[in-house]
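Structure data (compact mmCIF, C-alpha atoms) from data07.txt:
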# COMPACT_ATOMS: atom_id res chain seq x y z
CA MET A 275 -43.17 129.49 -86.33
CA SER A 276 -43.79 128.33 -82.83
CA TYR A 277 -45.04 124.85 -82.05
CA ARG A 278 -46.31 123.22 -78.90
CA VAL A 279 -44.75 119.78 -78.54
CA HIS A 280 -46.45 117.09 -76.48
CA VAL A 281 -44.23 114.18 -75.48
CA ARG A 282 -45.58 111.03 -73.91
CA VAL A 283 -42.99 108.70 -72.35
CA MET A 284 -44.10 105.24 -71.24
CA PRO A 285 -42.27 102.32 -69.68
CA ARG A 286 -41.57 99.76 -72.39
CA THR A 287 -44.18 97.02 -72.69
CA GLY A 288 -42.99 93.86 -71.01
CA LEU A 289 -40.88 95.64 -68.41
CA LEU A 290 -42.14 95.53 -64.85
CA ASP A 291 -43.93 98.79 -63.96
CA PRO A 292 -44.25 98.76 -60.16
CA GLN A 293 -45.89 102.20 -60.13
CA GLY A 294 -48.58 100.96 -62.50
CA GLN A 295 -49.13 97.91 -60.33
CA ALA A 296 -49.44 100.00 -57.17
CA VAL A 297 -51.99 102.30 -58.81
CA GLU A 298 -53.89 99.26 -60.07
CA HIS A 299 -54.08 97.85 -56.54
CA ALA A 300 -55.23 101.21 -55.18
CA LEU A 301 -57.96 101.45 -57.82
CA ALA A 302 -59.13 97.95 -56.92
CA ALA A 303 -59.16 98.92 -53.23
CA LEU A 304 -61.38 101.91 -54.11
CA GLY A 305 -63.85 99.57 -55.76
CA PHE A 306 -62.95 100.18 -59.42
CA ALA A 307 -63.12 96.48 -60.13
CA GLY A 308 -62.94 96.82 -63.91
CA ALA A 309 -59.53 98.55 -64.06
CA GLY A 310 -56.54 96.54 -65.22
CA ASP A 311 -53.15 96.75 -66.96
CA VAL A 312 -52.39 100.16 -65.43
CA ARG A 313 -49.15 101.77 -66.57
CA VAL A 314 -47.64 105.02 -65.31
CA GLY A 315 -45.56 107.18 -67.62
CA ARG A 316 -44.63 110.82 -67.99
CA ALA A 317 -45.90 113.73 -70.07
CA ILE A 318 -43.63 116.59 -71.12
CA GLU A 319 -44.75 119.70 -72.98
CA LEU A 320 -42.58 122.34 -74.53
CA GLU A 321 -42.62 125.32 -76.83
CA LEU A 322 -40.39 124.97 -79.89
CA ALA A 323 -39.42 127.43 -82.60
CA ALA A 324 -39.06 125.75 -85.99
CA ASP A 325 -39.67 126.47 -89.68
CA SER A 326 -42.11 123.64 -90.28
CA PRO A 327 -44.03 120.95 -88.40
CA ALA A 328 -41.64 118.36 -89.84
CA GLU A 329 -38.63 120.26 -88.53
CA ALA A 330 -40.28 120.66 -85.11
CA GLU A 331 -41.00 116.95 -84.98
CA SER A 332 -37.50 115.94 -85.98
CA GLU A 333 -35.98 118.30 -83.39
CA ALA A 334 -38.32 116.96 -80.68
CA ARG A 335 -37.43 113.39 -81.66
CA ARG A 336 -33.74 114.20 -81.12
CA MET A 337 -34.59 115.64 -77.67
CA CYS A 338 -36.36 112.40 -76.76
CA GLU A 339 -33.51 110.23 -77.98
CA ARG A 340 -30.86 112.23 -76.12
CA LEU A 341 -32.59 113.18 -72.88
CA LEU A 342 -36.36 112.94 -72.45
CA ALA A 343 -36.66 109.15 -72.76
CA ASN A 344 -34.27 106.34 -71.90
CA PRO A 345 -33.95 104.16 -75.01
CA VAL A 346 -33.25 101.09 -72.85
CA THR A 347 -36.45 101.17 -70.83
CA GLU A 348 -38.92 103.65 -72.34
CA ASP A 349 -40.88 104.35 -75.51
CA PHE A 350 -42.08 107.80 -76.52
CA GLU A 351 -44.75 109.36 -78.69
CA LEU A 352 -44.75 112.90 -80.07
CA GLU A 353 -47.44 115.31 -81.11
CA VAL A 354 -46.65 118.68 -82.67
CA GLU A 355 -49.28 121.39 -82.55
CA ALA A 356 -49.01 124.68 -84.48
CA ARG A 357 -49.65 127.80 -82.38
CA MET B 227 2.29 103.56 -54.47
CA SER B 228 0.54 106.88 -54.43
CA ARG B 229 -2.82 107.27 -56.10
CA ARG B 230 -4.81 110.41 -56.79
CA VAL B 231 -8.54 110.05 -56.47
CA ALA B 232 -11.17 112.52 -57.72
CA VAL B 233 -14.59 112.34 -56.09
CA VAL B 234 -17.05 114.16 -58.36
CA ARG B 235 -19.67 116.24 -56.58
CA PHE B 236 -22.96 116.92 -58.29
CA PRO B 237 -25.70 119.07 -56.80
CA GLY B 238 -27.48 116.47 -54.68
CA SER B 239 -24.53 114.11 -54.11
CA ASN B 240 -24.62 112.97 -50.49
CA CYS B 241 -22.10 110.12 -50.20
CA ASP B 242 -19.20 112.25 -51.45
CA ALA B 243 -17.61 112.75 -48.02
CA ASP B 244 -17.78 109.02 -47.23
CA ALA B 245 -16.11 108.18 -50.55
CA LEU B 246 -13.39 110.78 -49.97
CA ARG B 247 -12.69 109.52 -46.46
CA ALA B 248 -12.58 105.90 -47.62
CA ALA B 249 -10.02 106.82 -50.30
CA GLN B 250 -7.94 108.77 -47.77
CA LEU B 251 -8.13 105.88 -45.33
CA VAL B 252 -6.22 103.61 -47.74
CA GLY B 253 -3.59 106.30 -48.29
CA ALA B 254 -4.82 107.89 -51.51
CA GLU B 255 -4.55 111.60 -52.16
CA ALA B 256 -8.23 112.39 -52.62
CA ASP B 257 -9.95 115.60 -53.69
CA TYR B 258 -13.40 116.74 -54.64
CA VAL B 259 -14.08 117.84 -58.20
CA TRP B 260 -17.12 120.01 -58.86
CA HIS B 261 -19.48 118.88 -61.63
CA ARG B 262 -18.96 122.17 -63.48
CA ASP B 263 -15.21 121.65 -63.62
CA THR B 264 -13.78 120.35 -66.87
CA SER B 265 -10.58 118.73 -65.54
CA LEU B 266 -10.05 115.81 -63.17
CA GLY B 267 -6.81 117.41 -62.00
CA GLY B 268 -4.61 114.49 -62.97
CA ALA B 269 -6.52 111.88 -60.97
CA ASP B 270 -5.76 108.18 -61.47
CA VAL B 271 -9.11 107.07 -60.09
CA VAL B 272 -12.52 108.72 -60.44
CA ILE B 273 -15.40 108.03 -58.07
CA LEU B 274 -18.98 109.11 -58.86
CA PRO B 275 -20.58 108.99 -55.42
CA GLY B 276 -24.10 108.18 -54.31
CA GLY B 277 -26.87 110.67 -53.75
CA PHE B 278 -29.66 112.30 -55.70
CA SER B 279 -27.97 114.39 -58.37
CA TYR B 280 -30.35 117.03 -59.71
CA GLY B 281 -33.03 115.68 -57.38
CA ASP B 282 -33.35 112.57 -59.59
CA TYR B 283 -35.43 114.79 -61.90
CA LEU B 284 -36.58 113.12 -65.13
CA ARG B 285 -34.67 109.90 -64.32
CA SER B 286 -31.84 109.19 -61.87
CA GLY B 287 -28.60 110.37 -63.46
CA ALA B 288 -30.28 111.63 -66.64
CA ILE B 289 -29.27 115.26 -66.14
CA ALA B 290 -25.97 114.71 -64.30
CA ARG B 291 -24.65 112.83 -67.32
CA PHE B 292 -24.55 116.13 -69.23
CA SER B 293 -22.52 117.95 -66.54
CA PRO B 294 -19.33 119.53 -67.92
CA ILE B 295 -17.09 117.17 -65.89
CA MET B 296 -18.57 114.13 -67.63
CA ALA B 297 -16.56 114.82 -70.81
CA ALA B 298 -13.37 114.47 -68.75
CA VAL B 299 -14.73 111.34 -67.06
CA ARG B 300 -15.44 109.84 -70.48
CA SER B 301 -11.92 110.65 -71.77
CA HIS B 302 -10.43 109.17 -68.59
CA ALA B 303 -12.51 105.99 -69.03
CA ASP B 304 -11.71 105.73 -72.75
CA ALA B 305 -7.99 105.97 -71.92
CA GLY B 306 -8.33 103.01 -69.55
CA GLY B 307 -8.58 105.05 -66.34
CA ALA B 308 -10.38 103.58 -63.35
CA VAL B 309 -13.95 104.85 -62.74
CA LEU B 310 -16.23 103.66 -59.95
CA GLY B 311 -19.89 104.66 -59.83
CA ILE B 312 -21.61 103.94 -56.54
CA CYS B 313 -25.43 103.95 -56.43
CA ASN B 314 -26.37 107.26 -58.09
CA GLY B 315 -22.91 107.11 -59.67
CA PHE B 316 -23.87 103.76 -61.26
CA GLN B 317 -27.11 105.33 -62.52
CA ILE B 318 -25.11 108.20 -64.06
CA LEU B 319 -22.67 105.78 -65.77
CA CYS B 320 -25.62 103.92 -67.34
CA GLU B 321 -27.30 107.14 -68.48
CA ALA B 322 -23.95 108.25 -69.95
CA HIS B 323 -23.69 104.90 -71.78
CA LEU B 324 -20.35 104.21 -70.14
CA LEU B 325 -22.09 101.08 -68.88
CA PRO B 326 -24.97 99.24 -70.57
CA GLY B 327 -28.51 98.88 -69.25
CA ALA B 328 -30.51 101.09 -66.90
CA LEU B 329 -31.58 101.24 -63.26
CA MET B 330 -35.33 101.33 -62.73
CA ARG B 331 -37.72 101.79 -59.84
CA ASN B 332 -37.38 98.94 -57.33
CA ALA B 333 -39.90 96.14 -57.73
CA GLY B 334 -42.20 96.65 -54.76
CA LEU B 335 -41.63 100.43 -54.93
CA SER B 336 -40.02 100.68 -51.48
CA PHE B 337 -36.79 102.53 -50.92
CA VAL B 338 -34.52 99.75 -49.62
CA SER B 339 -31.94 100.68 -46.98
CA ARG B 340 -30.29 97.70 -45.33
CA PRO B 341 -27.22 95.47 -45.44
CA VAL B 342 -27.41 92.85 -48.20
CA PRO B 343 -25.22 89.83 -48.89
CA VAL B 344 -23.43 89.92 -52.23
CA THR B 345 -20.93 87.78 -54.10
CA VAL B 346 -17.88 89.28 -55.80
CA GLU B 347 -17.86 87.70 -59.25
CA ARG B 348 -15.38 89.73 -61.28
CA THR B 349 -12.10 90.42 -59.52
CA THR B 350 -10.16 91.64 -62.59
CA THR B 351 -11.14 95.28 -62.01
CA PRO B 352 -9.25 98.07 -60.24
CA PHE B 353 -11.92 98.01 -57.51
CA THR B 354 -12.29 94.29 -56.77
CA SER B 355 -8.81 92.81 -57.24
CA ALA B 356 -8.33 92.66 -53.46
CA TYR B 357 -11.16 90.12 -53.14
CA ALA B 358 -11.06 86.41 -53.89
CA PRO B 359 -13.38 85.35 -56.73
CA GLY B 360 -16.69 84.30 -55.20
CA ALA B 361 -16.06 86.18 -51.94
CA ARG B 362 -19.23 86.80 -49.90
CA LEU B 363 -19.62 90.30 -48.51
CA THR B 364 -22.35 92.08 -46.63
CA LEU B 365 -22.68 95.63 -47.98
CA PRO B 366 -25.33 98.27 -47.30
CA VAL B 367 -27.71 99.30 -50.07
CA ALA B 368 -29.84 102.46 -49.95
CA HIS B 369 -31.81 103.13 -53.11
CA GLY B 370 -35.25 103.48 -54.63
CA GLU B 371 -34.13 102.86 -58.19
CA GLY B 372 -31.73 99.95 -58.25
CA ARG B 373 -33.47 97.41 -60.43
CA PHE B 374 -30.97 96.68 -63.17
CA ALA B 375 -32.68 96.25 -66.53
CA ALA B 376 -31.19 95.42 -69.90
CA THR B 377 -32.30 93.72 -73.08
CA VAL B 378 -32.01 89.93 -73.14
CA ASP B 379 -29.04 90.23 -75.50
CA VAL B 380 -27.19 92.70 -73.28
CA ALA B 381 -27.80 90.62 -70.14
CA ARG B 382 -26.55 87.53 -71.96
CA MET B 383 -23.44 89.41 -73.13
CA LEU B 384 -22.68 90.61 -69.58
CA GLU B 385 -22.85 87.01 -68.34
CA ALA B 386 -20.88 85.57 -71.25
CA GLU B 387 -18.12 88.15 -70.88
CA GLY B 388 -17.95 87.79 -67.10
CA ARG B 389 -18.88 91.42 -66.57
CA VAL B 390 -21.14 90.93 -63.56
CA VAL B 391 -18.96 92.34 -60.76
CA LEU B 392 -21.36 91.92 -57.84
CA ARG B 393 -24.43 89.72 -57.53
CA TYR B 394 -27.03 89.63 -54.75
CA ALA B 395 -26.38 86.35 -52.92
CA LYS B 396 -29.05 83.74 -52.45
CA GLY B 397 -28.38 80.97 -49.99
CA ASP B 398 -30.13 80.29 -46.73
CA PRO B 399 -33.20 82.58 -47.07
CA ALA B 400 -32.86 83.78 -43.49
CA ALA B 401 -29.22 84.82 -43.89
CA GLU B 402 -29.30 85.63 -47.60
CA PRO B 403 -32.71 86.87 -48.70
CA GLY B 404 -31.28 87.70 -52.13
CA ASN B 405 -32.30 90.32 -54.62
CA PRO B 406 -33.70 93.42 -52.83
CA ASN B 407 -35.01 95.27 -55.90
CA GLY B 408 -35.94 92.83 -58.68
CA SER B 409 -32.70 93.31 -60.61
CA ALA B 410 -32.24 91.19 -63.74
CA HIS B 411 -29.97 88.20 -63.05
CA ASP B 412 -29.66 89.41 -59.41
CA ILE B 413 -27.13 91.95 -60.70
CA ALA B 414 -25.76 94.36 -58.08
CA GLY B 415 -22.84 95.68 -60.13
CA ILE B 416 -21.30 95.44 -63.60
CA SER B 417 -18.24 96.60 -65.49
CA ASN B 418 -17.36 97.60 -69.03
CA ALA B 419 -15.61 95.01 -71.20
CA GLU B 420 -12.12 96.16 -70.15
CA GLY B 421 -13.05 96.22 -66.46
CA ASN B 422 -11.81 99.76 -65.77
CA VAL B 423 -15.34 101.20 -65.44
CA VAL B 424 -17.41 99.67 -62.63
CA GLY B 425 -20.90 100.54 -61.40
CA ILE B 426 -22.39 99.07 -58.22
CA MET B 427 -25.56 99.73 -56.22
CA PRO B 428 -24.16 98.76 -52.76
CA HIS B 429 -22.13 101.29 -50.75
CA PRO B 430 -18.69 99.88 -49.84
CA GLU B 431 -17.59 103.36 -48.65
CA ARG B 432 -19.96 102.98 -45.69
CA VAL B 433 -18.21 99.87 -44.37
CA VAL B 434 -14.50 100.63 -44.32
CA SER B 435 -13.73 100.45 -40.60
CA PRO B 436 -14.74 98.32 -37.62
CA LEU B 437 -15.85 101.64 -36.13
CA LEU B 438 -18.62 101.69 -38.76
CA GLY B 439 -19.62 98.12 -37.93
CA SER B 440 -17.65 96.44 -40.69
CA ASP B 441 -14.70 96.90 -43.01
CA GLU B 442 -15.88 94.48 -45.70
CA GLY B 443 -16.07 97.31 -48.25
CA LEU B 444 -12.46 98.38 -47.77
CA GLY B 445 -11.28 96.08 -50.56
CA PHE B 446 -12.88 98.36 -53.18
CA PHE B 447 -10.39 101.03 -52.11
CA THR B 448 -7.32 98.91 -51.33
CA SER B 449 -7.73 97.30 -54.79
CA PHE B 450 -6.83 100.47 -56.68
CA MET B 451 -3.94 101.19 -54.31
CA ALA B 452 -2.30 97.88 -55.14
CA ALA B 453 0.70 97.96 -57.46
CA GLY B 454 -0.06 96.92 -61.00
CA THR B 455 -3.30 98.80 -61.29
CA ALA B 456 -3.24 100.35 -64.72
CA THR B 457 -2.66 104.07 -64.77
CA PRO B 458 -4.07 105.61 -67.93
CA PRO B 459 -1.33 106.83 -70.23
CA MET B 460 -2.99 110.09 -71.31
CA GLU B 461 -4.92 110.92 -68.20
CA SER B 462 -2.68 113.53 -66.58
CA MET B 463 -2.87 115.90 -69.51
CA SER B 464 -4.13 119.13 -68.09
CA ARG B 465 -6.68 121.05 -70.02
Reformat the file's structure so that it appears as structure tokens.
Amino acid sequence: MSYRVHVRVMPRTGLLDPQGQAVEHALAALGFAGAGDVRVGRAIELELAADSPAEAESEARRMCERLLANPVTEDFELEVEAR
Amino acid sequence: MSRRVAVVRFPGSNCDADALRAAQLVGAEADYVWHRDTSLGGADVVILPGGFSYGDYLRSGAIARFSPIMAAVRSHADAGGAVLGICNGFQILCEAHLLPGALMRNAGLSFVSRPVPVTVERTTTPFTSAYAPGARLTLPVAHGEGRFAATVDVARMLEAEGRVVLRYAKGDPAAEPGNPNGSAHDIAGISNAEGNVVGIMPHPERVVSPLLGSDEGLGFFTSFMAAGTATPPMESMSR
């Protein structure tokens, strides 16, 4: 079976996110007065061959732990979609 | 005493020639090692130079850490061999978990390229033994991702164990503006517990001769040339 894996990597809450701050200031400058607590992360998508959704998820989790996210500074979320 | 230095080149390294020349200047026998190589060729000292390995894709150092040569660098480090990561080299050492913590986007987002005053805090390393404890140096930094981050526990451990090698100096604000990137504890460089693996954001290889404006960085290279620097027992095994 082939699965589409969606990975969302975000800077860990509590750590300074200067990109988020810069975007927040830019939004304010454009007149979007209501926007706040902006954070900038990263989305990664990939195709993965696996026997079950559970296997796909566990494989994708290992990818995140080894490469896609930095365990010191980032948190990640996974979504596995059957094709 | 003769020393053999390996300067590892990754695709995107751009301070490799400066590091090689600095090592040669103090009398070391220095050679480049390509990131796809698997042997350090019997080197006593390994330098991971600055630059933008793999274009800083994903995160600085995240992909370089899986280069074939990194297995040899890890064995060398584990055997007590001297390893210095400068700038991108420091980022690679953190990503490889040879040093704790991580280097994040500078607070303020700007790429910072200027001389900064630093204090040498740990001198019991193969790269800082030539300096007096507490020595003030002015070294150039040039990075966009140099904000050292670690958990509270890790930062506390680094302080308690005296593993902060370089710290951004804060004195007279005009002469010593301090931390250029928002680093935790004003950290500019750290070491492993043993002291043989050192990572620093400033570039000592750029200030090794009066011709370059200063030779205040030369000590990082004369340190490992000094007698008594540990040579790893197993390092010269060829593979």
Could you tell me which residues of chain B sit within 8 Å of chain A when counting only C-alpha atoms, and give me the result as a PyMOL selection string? chain B and resi 284+288-289+321+327-328+331-335+375-377
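The shortest atom-to-atom distance to B:Pro352, with only C-alpha atoms taken into account, belongs to B:Leu310 out of B:Ile426, B:Ala322, B:Leu310, B:Met296.
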Spatial neighbours of B:Ala254, 8 Å, only C-alpha atoms, chain gap at least 6 places, as a list in words: Ser228, Arg229, Arg230, Val231 and Met451 of chain B
Pull C-alpha atoms from the residues just selected and write them as a PDB file, keeping the file's coordinate frame.
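As a result, out_29.pdb now contains:
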ATOM      1  CA  SER B 228       0.540 106.880 -54.430  1.00  0.00           C
ATOM      2  CA  ARG B 229      -2.820 107.270 -56.100  1.00  0.00           C
ATOM      3  CA  ARG B 230      -4.810 110.410 -56.790  1.00  0.00           C
ATOM      4  CA  VAL B 231      -8.540 110.050 -56.470  1.00  0.00           C
ATOM      5  CA  MET B 451      -3.940 101.190 -54.310  1.00  0.00           C
TER       6      MET B 451
END
Rounded to one decimal in Å, what is the spacing between atom CA of B:Ser440 and atom CA of B:Asp257?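 Between these atoms lies a distance of 24.4 Å.
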Please measure the separation of atom CA of B:Pro436 and atom CA of B:Thr364, giving the value in Å to one decimal. 13.3 Å
Rank nothing, just name the residue among B:Leu365, B:Ala243, B:Ile273, B:Ile416 nearest to B:Glu385, using only C-alpha atoms.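 Between B:Leu365, B:Ala243, B:Ile273, B:Ile416, the residue approaching B:Glu385 most closely is B:Ile416.
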Polymer residues at most 10 Å from B:Ser355, only C-alpha atoms, same-chain spacing of 4 or more positions, as a ChimeraX atom specification: /B:346,348-351,359,445-450,452,455
Between atom CA of A:Gly310 and atom CA of A:Val297, distance in Å (one decimal):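 Computing the Euclidean distance for atom CA of A:Gly310 and atom CA of A:Val297 yields 9.7 Å.
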Can you list, as number ranges by chain, every protein, DNA or RNA residue that comes within 10 Å of A:Ala309 when you count all atoms listed in the file, leaving out same-chain residues fewer than 6 positions away? A: 297-299, 301-302
I need every residue sitting at most 8 Å from the point (-42.5, 117.5, -74.0) (coordinates as in the file, all atoms listed in the file considered), written as a list in words.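 Protein and nucleic acid residues near the point are Val279, His280, Val281, Arg282, Ala317, Ile318, Glu319, Leu320, Ala334, Leu342 and Leu352 of chain A.
Using all atoms listed in the file, the shortest contact distance between B:Gly421 and any of B:Ala232, B:Leu274, B:Cys313, B:Val391 is found at B:Val391.
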Residue contacts of B:Ala256 (12 Å, only C-alpha atoms) excluding same-chain residues fewer than 3 positions away, as a list in words: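 The residues that qualify are Ser228, Arg229, Arg230, Val231, Ala232, Val233, Val234, Asp242, Ala243, Asp244, Ala245, Leu246, Arg247, Ala248, Ala249, Gln250, Leu251, Val252, Gly253, Val259, Leu266, Gly267, Gly268, Ala269, Asp270, Val271, Val272, Ile273 and Phe447 of chain B.
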So which one's closest to B:His323, B:Ala356, B:Ala410, B:Arg382, B:Ala303? Using all atoms listed in the file, please.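 The answer is B:Ala303, which sits nearest to B:His323.
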Neighbouring residues of B:Val344 were defined as those with any atom within 12 Å, considering all atoms listed in the file; residues of the same chain fewer than 3 positions away were excluded. Please report them as a PyMOL selection string. chain B and resi 341+347+359-367+390-397+401-406+412-415+426-430+442-443
